[in-house]
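Student: Pasting in a structure now, in structure tokens, and then I'll have a few things to ask.
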Amino acid sequence: MLDTPRGTRLHIGLFGRRNSGKSSLINALTGQSVATVSAVPGTTTDPVYKAMEIKGLGPVVFIDTAGFDDEGDLGQLRVERTEQAARETDIALLLFSSADLTAETAWLKQLRQNKAKIIPVISRQDMLPDEGQALQAAVTEATGLRPLIVSARTGRGLAALQEELLRALPEDYGEISITGDLCQAGDTVLLVMPQDIQAPKGRLILPQVQTLRELLDKGCQAMCCTTDRLAAALESLKTPPELIITDSQAFKEVYAHKPASSLLTSFSVLFAACKGDIACFMEGAERLAALPGSARILIAEACTHKPLHEDIGRVKLPRLLRQKLGDGISITVTSGKDFPPSVSGYDMAIHCGACMFNRQYVLSRVRACREQQVPMTNYGLAIAALLGILPMVALPNKPK
């Protein structure tokens with residue numbers, strides 16, 4: 001479980017003022033000294049991520065954040081990091097520690113906008129004269145939510161909090177498939193995987209590993225080859241594969257060899273549906289060719305690797321865009337979590353498959369583009385559109 005990638009884990013974030021008991025609570029929930037506990041306000045600076053396995057929840061990652069009441073220039077930077085953590089949070093523990101509920105009420109609204117499930121908590125029961133009863137009543141009256149009262153020091157209320165975490169699980173948690181309805185048990189699936197210099201030596205990249213594992217779990221017969229061995233792989237099969245999955249950058253070559261009866265898709269397209277909004281991405285891809293020659297395009301990738309020769313996001317995709325739209329377009333590339341807070345200055349946003357991010361965080365970017373009326377698509381769909389084969393690309397069923 002500890003080897004489960006962070007992007008597939010349930011994200012549980014703790015939010016509250018400085019010294020509200022966030023770090024103590026995360027230590028109590030994990031049973032480890034994960035976060036530094038101190039009486040000095042502002043001890044937690046950047047968000048602390050701790051991967052754990054919780055009975056009933058499975059693999060999760062706890063996020064201990066800086067106090068949202070931090071002050072000064074440095075404090076503002078910490079709050080911005082906390083806001084960023086909120087966008088990837090599936091379940092938010094919102095800690096109440098003061099009779100002044102102004103900040104907590106504002107954050108309650110923000111977390112709701114981010115579509116997080118919210119559990120209100122008073123975490124320092126053993127330090128309050130009335131064991132938190134008055135504060136609980138005030139929070140309930142102001143927000144309509146009745147917070148749980150717990151003590152990280154004594155353990156009181158932790159069992160109830162864990163039960164509440166189970167009840168707050170997103171409805172589709174653990175049910176979203178990578179390949180969806182494109183294949184089923186007994187199907188032969190051919191994975192065409194170019195081993196370029198971005199793939200670590202001796203290893204496969206994460207989307208390939210996760211897709212291959214799901215195919216095995218489904219009971220599919222998975223066959224792998226590199227692009228130069230595609231023809232030989234197809235000839236070795238008695239019947240054509242039901243599905244071919246390839247890297248988006250190899251779409252053109254693979255499509256030229258694809259048997260008529262075989263479905264074709266890419267790892268990037270599969271992850272676009274698994275991690276994001278495939279309908280939104282498809283609509284954006286269909287609008288790509290109509291962009292003006294002066295279009296401003298944002299390319300966002302989740303990985304933070306050093307740019308390499310023939311990098312898909314920095315070289316190959318921009319090359320295809322310029323071939324289609326002309327040299328007058330301007331392209332901005334971001335990596336990791338450096339997604340601009342405002343995208344209104346762009347005519348199109350193109351996102352990678354986001355295997356490193358959780359679905360909640362990718363959907364927060366989709367919402368930002370929608371709210372600012374900027375079309376958004378995905379690497380695989382964009383490449384297919386630019387190559388003129390978008391209608392031939394198979395899409396998995398849309399996640400619930």
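Lettering and numbering for the structure tokens are positional, with chains as A, B, ... in the shown order, residues counted from 1 in each chain, and ligands counted from 1 in the shown order.
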Could you give me the residues within stretch 56-301 of chain A that DSSP places in strand (DSSP E), as a VMD selection string?
Tutor: chain A and resid 58 to 64 91 to 95 117 to 122 148 to 149 188 to 192 221 to 225 243 to 246 263 to 266 296 to 301
Student: Based on the selection just made, write N, CA and C atoms of those residues as a compact mmCIF listing (two decimals), in the first residue's frame.
Tutor:
```
# COMPACT_ATOMS: atom_id res chain seq x y z
N GLY A 58 -8.38 2.43 2.95
CA GLY A 58 -7.33 2.01 2.03
C GLY A 58 -6.20 3.01 2.00
N PRO A 59 -5.49 3.11 0.86
CA PRO A 59 -4.36 4.04 0.77
C PRO A 59 -4.83 5.49 0.73
N VAL A 60 -4.33 6.30 1.64
CA VAL A 60 -4.69 7.71 1.70
C VAL A 60 -3.43 8.54 1.82
N VAL A 61 -3.57 9.83 1.65
CA VAL A 61 -2.49 10.75 1.96
C VAL A 61 -3.08 11.89 2.79
N PHE A 62 -2.51 12.10 3.99
CA PHE A 62 -2.93 13.21 4.84
C PHE A 62 -2.12 14.44 4.46
N ILE A 63 -2.79 15.59 4.45
CA ILE A 63 -2.12 16.86 4.14
C ILE A 63 -2.24 17.78 5.35
N ASP A 64 -1.12 18.06 5.99
CA ASP A 64 -1.09 19.01 7.11
C ASP A 64 -0.71 20.37 6.55
N ILE A 91 -11.36 14.96 1.05
CA ILE A 91 -12.08 15.14 2.32
C ILE A 91 -11.32 16.17 3.15
N ALA A 92 -11.99 17.21 3.59
CA ALA A 92 -11.36 18.28 4.36
C ALA A 92 -11.80 18.21 5.81
N LEU A 93 -10.83 18.16 6.72
CA LEU A 93 -11.11 18.31 8.14
C LEU A 93 -10.91 19.78 8.47
N LEU A 94 -11.99 20.49 8.72
CA LEU A 94 -11.93 21.92 9.01
C LEU A 94 -11.98 22.12 10.51
N LEU A 95 -10.87 22.60 11.07
CA LEU A 95 -10.75 22.72 12.52
C LEU A 95 -11.22 24.10 12.99
N LYS A 117 -15.52 17.03 0.37
CA LYS A 117 -16.39 16.64 1.46
C LYS A 117 -15.81 17.24 2.75
N ILE A 118 -16.63 17.86 3.58
CA ILE A 118 -16.14 18.62 4.73
C ILE A 118 -16.59 17.99 6.04
N ILE A 119 -15.64 17.79 6.93
CA ILE A 119 -15.94 17.30 8.28
C ILE A 119 -15.47 18.37 9.26
N PRO A 120 -16.38 19.06 9.97
CA PRO A 120 -15.97 20.09 10.95
C PRO A 120 -15.49 19.41 12.23
N VAL A 121 -14.41 19.95 12.80
CA VAL A 121 -13.79 19.31 13.97
C VAL A 121 -13.36 20.38 14.97
N ILE A 122 -13.57 20.08 16.24
CA ILE A 122 -12.94 20.83 17.34
C ILE A 122 -11.95 19.85 17.96
N LEU A 148 -17.46 17.57 15.20
CA LEU A 148 -17.05 16.53 16.14
C LEU A 148 -16.07 17.13 17.13
N ILE A 149 -16.14 16.71 18.37
CA ILE A 149 -15.21 17.17 19.39
C ILE A 149 -14.25 16.03 19.69
N THR A 188 -7.99 -9.40 -26.01
CA THR A 188 -6.56 -9.19 -26.24
C THR A 188 -6.31 -7.70 -26.41
N VAL A 189 -5.41 -7.17 -25.62
CA VAL A 189 -5.08 -5.74 -25.67
C VAL A 189 -3.60 -5.60 -25.98
N LEU A 190 -3.29 -4.87 -27.02
CA LEU A 190 -1.90 -4.64 -27.42
C LEU A 190 -1.46 -3.26 -26.95
N LEU A 191 -0.41 -3.21 -26.14
CA LEU A 191 0.13 -1.94 -25.66
C LEU A 191 1.40 -1.62 -26.45
N VAL A 192 1.34 -0.54 -27.21
CA VAL A 192 2.49 -0.11 -28.01
C VAL A 192 3.17 1.00 -27.23
N GLN A 221 -5.89 -10.36 -21.93
CA GLN A 221 -4.61 -10.87 -22.38
C GLN A 221 -3.82 -9.69 -22.91
N ALA A 222 -2.85 -9.24 -22.14
CA ALA A 222 -2.08 -8.04 -22.49
C ALA A 222 -0.79 -8.43 -23.20
N MET A 223 -0.53 -7.75 -24.31
CA MET A 223 0.69 -7.96 -25.09
C MET A 223 1.37 -6.62 -25.28
N CYS A 224 2.67 -6.56 -25.07
CA CYS A 224 3.40 -5.29 -25.15
C CYS A 224 4.45 -5.35 -26.25
N CYS A 225 4.65 -4.21 -26.90
CA CYS A 225 5.72 -4.10 -27.89
C CYS A 225 6.11 -2.64 -28.03
N LEU A 243 -8.32 -4.14 -28.64
CA LEU A 243 -7.94 -2.77 -28.29
C LEU A 243 -6.44 -2.59 -28.43
N ILE A 244 -6.03 -1.45 -28.97
CA ILE A 244 -4.62 -1.06 -29.03
C ILE A 244 -4.46 0.24 -28.25
N ILE A 245 -3.52 0.25 -27.32
CA ILE A 245 -3.23 1.45 -26.52
C ILE A 245 -1.79 1.86 -26.82
N THR A 246 -1.57 3.12 -27.13
CA THR A 246 -0.23 3.57 -27.44
C THR A 246 0.05 4.92 -26.81
N LEU A 263 -9.98 -1.27 -31.79
CA LEU A 263 -10.12 0.08 -31.26
C LEU A 263 -8.74 0.64 -30.97
N LEU A 264 -8.59 1.95 -31.10
CA LEU A 264 -7.31 2.60 -30.84
C LEU A 264 -7.49 3.75 -29.87
N THR A 265 -6.65 3.80 -28.86
CA THR A 265 -6.63 4.92 -27.93
C THR A 265 -5.21 5.11 -27.43
N SER A 266 -5.03 6.04 -26.51
CA SER A 266 -3.69 6.28 -25.97
C SER A 266 -3.74 6.34 -24.45
N ARG A 296 -3.08 32.15 -28.14
CA ARG A 296 -2.22 31.99 -26.96
C ARG A 296 -2.61 30.67 -26.30
N ILE A 297 -1.66 29.76 -26.22
CA ILE A 297 -1.95 28.40 -25.77
C ILE A 297 -1.13 28.07 -24.53
N LEU A 298 -1.82 27.51 -23.53
CA LEU A 298 -1.17 27.06 -22.31
C LEU A 298 -1.03 25.54 -22.36
N ILE A 299 0.19 25.05 -22.18
CA ILE A 299 0.44 23.62 -22.09
C ILE A 299 0.85 23.32 -20.65
N ALA A 300 0.08 22.47 -19.98
CA ALA A 300 0.32 22.18 -18.57
C ALA A 300 0.62 20.70 -18.40
N GLU A 301 1.76 20.40 -17.79
CA GLU A 301 2.09 19.01 -17.51
C GLU A 301 2.31 18.82 -16.01
```
Student: Determine which residues of stretch 273-319 of chain A receive a DSSP assignment of helix (DSSP H, G or I), computed from the backbone, and state them as number ranges by chain.
Tutor: A: 273-275, 278-288, 312-319
Student: Counting only C-alpha atoms, which residue out of A:Met348, A:Cys355, A:Ile205, A:Leu216 sits closest to A:Gln184?
Tutor: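 Selected residue with least distance to A:Gln184: A:Leu216.
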Student: Any chance you could tabulate, as JSON lines, the residues of stretch 235-263 of chain A at most 9 Å from stretch 374-394 of chain A with each one's nearest atom pair and distance in Å to one decimal, using only C-alpha atoms, in chain and rising number order?
Tutor:
```
{"residue": "A:Leu243", "atom": "CA", "partner": "A:Ala394", "partner_atom": "CA", "distance": 9.0}
{"residue": "A:Asp247", "atom": "CA", "partner": "A:Gly380", "partner_atom": "CA", "distance": 8.0}
{"residue": "A:Ser248", "atom": "CA", "partner": "A:Gly380", "partner_atom": "CA", "distance": 4.9}
{"residue": "A:Gln249", "atom": "CA", "partner": "A:Ile383", "partner_atom": "CA", "distance": 7.4}
{"residue": "A:Phe251", "atom": "CA", "partner": "A:Ala384", "partner_atom": "CA", "distance": 7.1}
{"residue": "A:Lys252", "atom": "CA", "partner": "A:Leu387", "partner_atom": "CA", "distance": 7.1}
{"residue": "A:Tyr255", "atom": "CA", "partner": "A:Ile389", "partner_atom": "CA", "distance": 8.4}
{"residue": "A:Leu263", "atom": "CA", "partner": "A:Ala394", "partner_atom": "CA", "distance": 6.0}
```
Student: Could you dump the residues just selected with N, CA and C atoms as an mmCIF file, in the first residue's frame?
Tutor:
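Just written: again.cif:
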```cif
data_model
loop_
_atom_site.group_PDB
_atom_site.id
_atom_site.type_symbol
_atom_site.label_atom_id
_atom_site.label_comp_id
_atom_site.auth_asym_id
_atom_site.auth_seq_id
_atom_site.Cartn_x
_atom_site.Cartn_y
_atom_site.Cartn_z
ATOM 1 N N LEU A 243 -8.318 -4.137 -28.644
ATOM 2 C CA LEU A 243 -7.937 -2.766 -28.289
ATOM 3 C C LEU A 243 -6.435 -2.594 -28.431
ATOM 4 N N ASP A 247 1.287 5.369 -26.903
ATOM 5 C CA ASP A 247 1.611 6.739 -26.520
ATOM 6 C C ASP A 247 1.036 7.675 -27.575
ATOM 7 N N SER A 248 0.558 8.824 -27.178
ATOM 8 C CA SER A 248 -0.048 9.758 -28.120
ATOM 9 C C SER A 248 0.920 10.164 -29.218
ATOM 10 N N GLN A 249 2.202 10.263 -28.882
ATOM 11 C CA GLN A 249 3.189 10.692 -29.863
ATOM 12 C C GLN A 249 3.368 9.676 -30.993
ATOM 13 N N PHE A 251 0.698 8.006 -32.285
ATOM 14 C CA PHE A 251 -0.621 7.829 -32.876
ATOM 15 C C PHE A 251 -0.553 7.594 -34.392
ATOM 16 N N LYS A 252 0.178 8.445 -35.086
ATOM 17 C CA LYS A 252 0.187 8.407 -36.551
ATOM 18 C C LYS A 252 0.706 7.077 -37.067
ATOM 19 N N TYR A 255 -1.704 4.152 -36.004
ATOM 20 C CA TYR A 255 -2.952 4.200 -36.758
ATOM 21 C C TYR A 255 -2.772 3.622 -38.157
ATOM 22 N N LEU A 263 -9.981 -1.274 -31.786
ATOM 23 C CA LEU A 263 -10.124 0.081 -31.259
ATOM 24 C C LEU A 263 -8.740 0.640 -30.969
#
```
Student: Name the closest residue to A:Asn114 among the candidates A:Leu25, A:Arg365, A:Cys274, A:Ser335; distances are taken between atoms, counting only C-alpha atoms.
Tutor: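 Answer, going by the shortest atom-to-atom distance: A:Arg365.
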Student: Which residue out of A:Gly180, A:Pro341, A:Pro5, A:Gly31 has the minimum interatomic distance to A:Leu206 when only C-alpha atoms are used?
Tutor: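 Selected residue with least distance to A:Leu206: A:Pro5.
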Student: Taking 6 positions as the minimum chain separation for residues in the same chain, which residues sit within 12 Å of A:Pro170 when counting only C-alpha atoms? Answer as a list in words.
Tutor: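 Within the cut-off, the hits are Leu10, His11, Ile12, Leu57, Thr89, Asp90, Ile91, Ala92, Lys115, Ala116, Lys117, Ile118, Ile176, Arg359, Gln360 and Lys400 of chain A.
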Student: Hey, can you spit out that residue selection with C-alpha atoms as a PDB file, in the first residue's frame?
Tutor:
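Just written: again31.pdb:
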```
ATOM      1  CA  LEU A  10      -7.633   9.550  -1.230  1.00  0.00           C
ATOM      2  CA  HIS A  11      -6.454  13.027  -0.167  1.00  0.00           C
ATOM      3  CA  ILE A  12      -7.469  14.113   3.351  1.00  0.00           C
ATOM      4  CA  LEU A  57     -10.311   3.752   3.600  1.00  0.00           C
ATOM      5  CA  THR A  89      -8.368  17.613  -1.148  1.00  0.00           C
ATOM      6  CA  ASP A  90     -11.088  14.968  -1.368  1.00  0.00           C
ATOM      7  CA  ILE A  91     -12.081  15.142   2.320  1.00  0.00           C
ATOM      8  CA  ALA A  92     -11.359  18.277   4.360  1.00  0.00           C
ATOM      9  CA  LYS A 115     -16.166  20.107  -4.174  1.00  0.00           C
ATOM     10  CA  ALA A 116     -14.446  18.640  -1.098  1.00  0.00           C
ATOM     11  CA  LYS A 117     -16.393  16.637   1.465  1.00  0.00           C
ATOM     12  CA  ILE A 118     -16.136  18.618   4.734  1.00  0.00           C
ATOM     13  CA  ILE A 176     -13.156   4.777 -11.758  1.00  0.00           C
ATOM     14  CA  ARG A 359      -8.643  13.486  -9.924  1.00  0.00           C
ATOM     15  CA  GLN A 360      -9.851  16.181  -7.531  1.00  0.00           C
ATOM     16  CA  LYS A 400     -19.658   8.754 -12.792  1.00  0.00           C
TER      17      LYS A 400
END
```
Student: Select, from A:Ser177, A:Val343, A:Ala295, A:Gln195, the residue with the minimum atom-to-atom distance to A:Asp327, counting only C-alpha atoms.
Tutor: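 Of all the options, A:Ala295 lies closest to A:Asp327.
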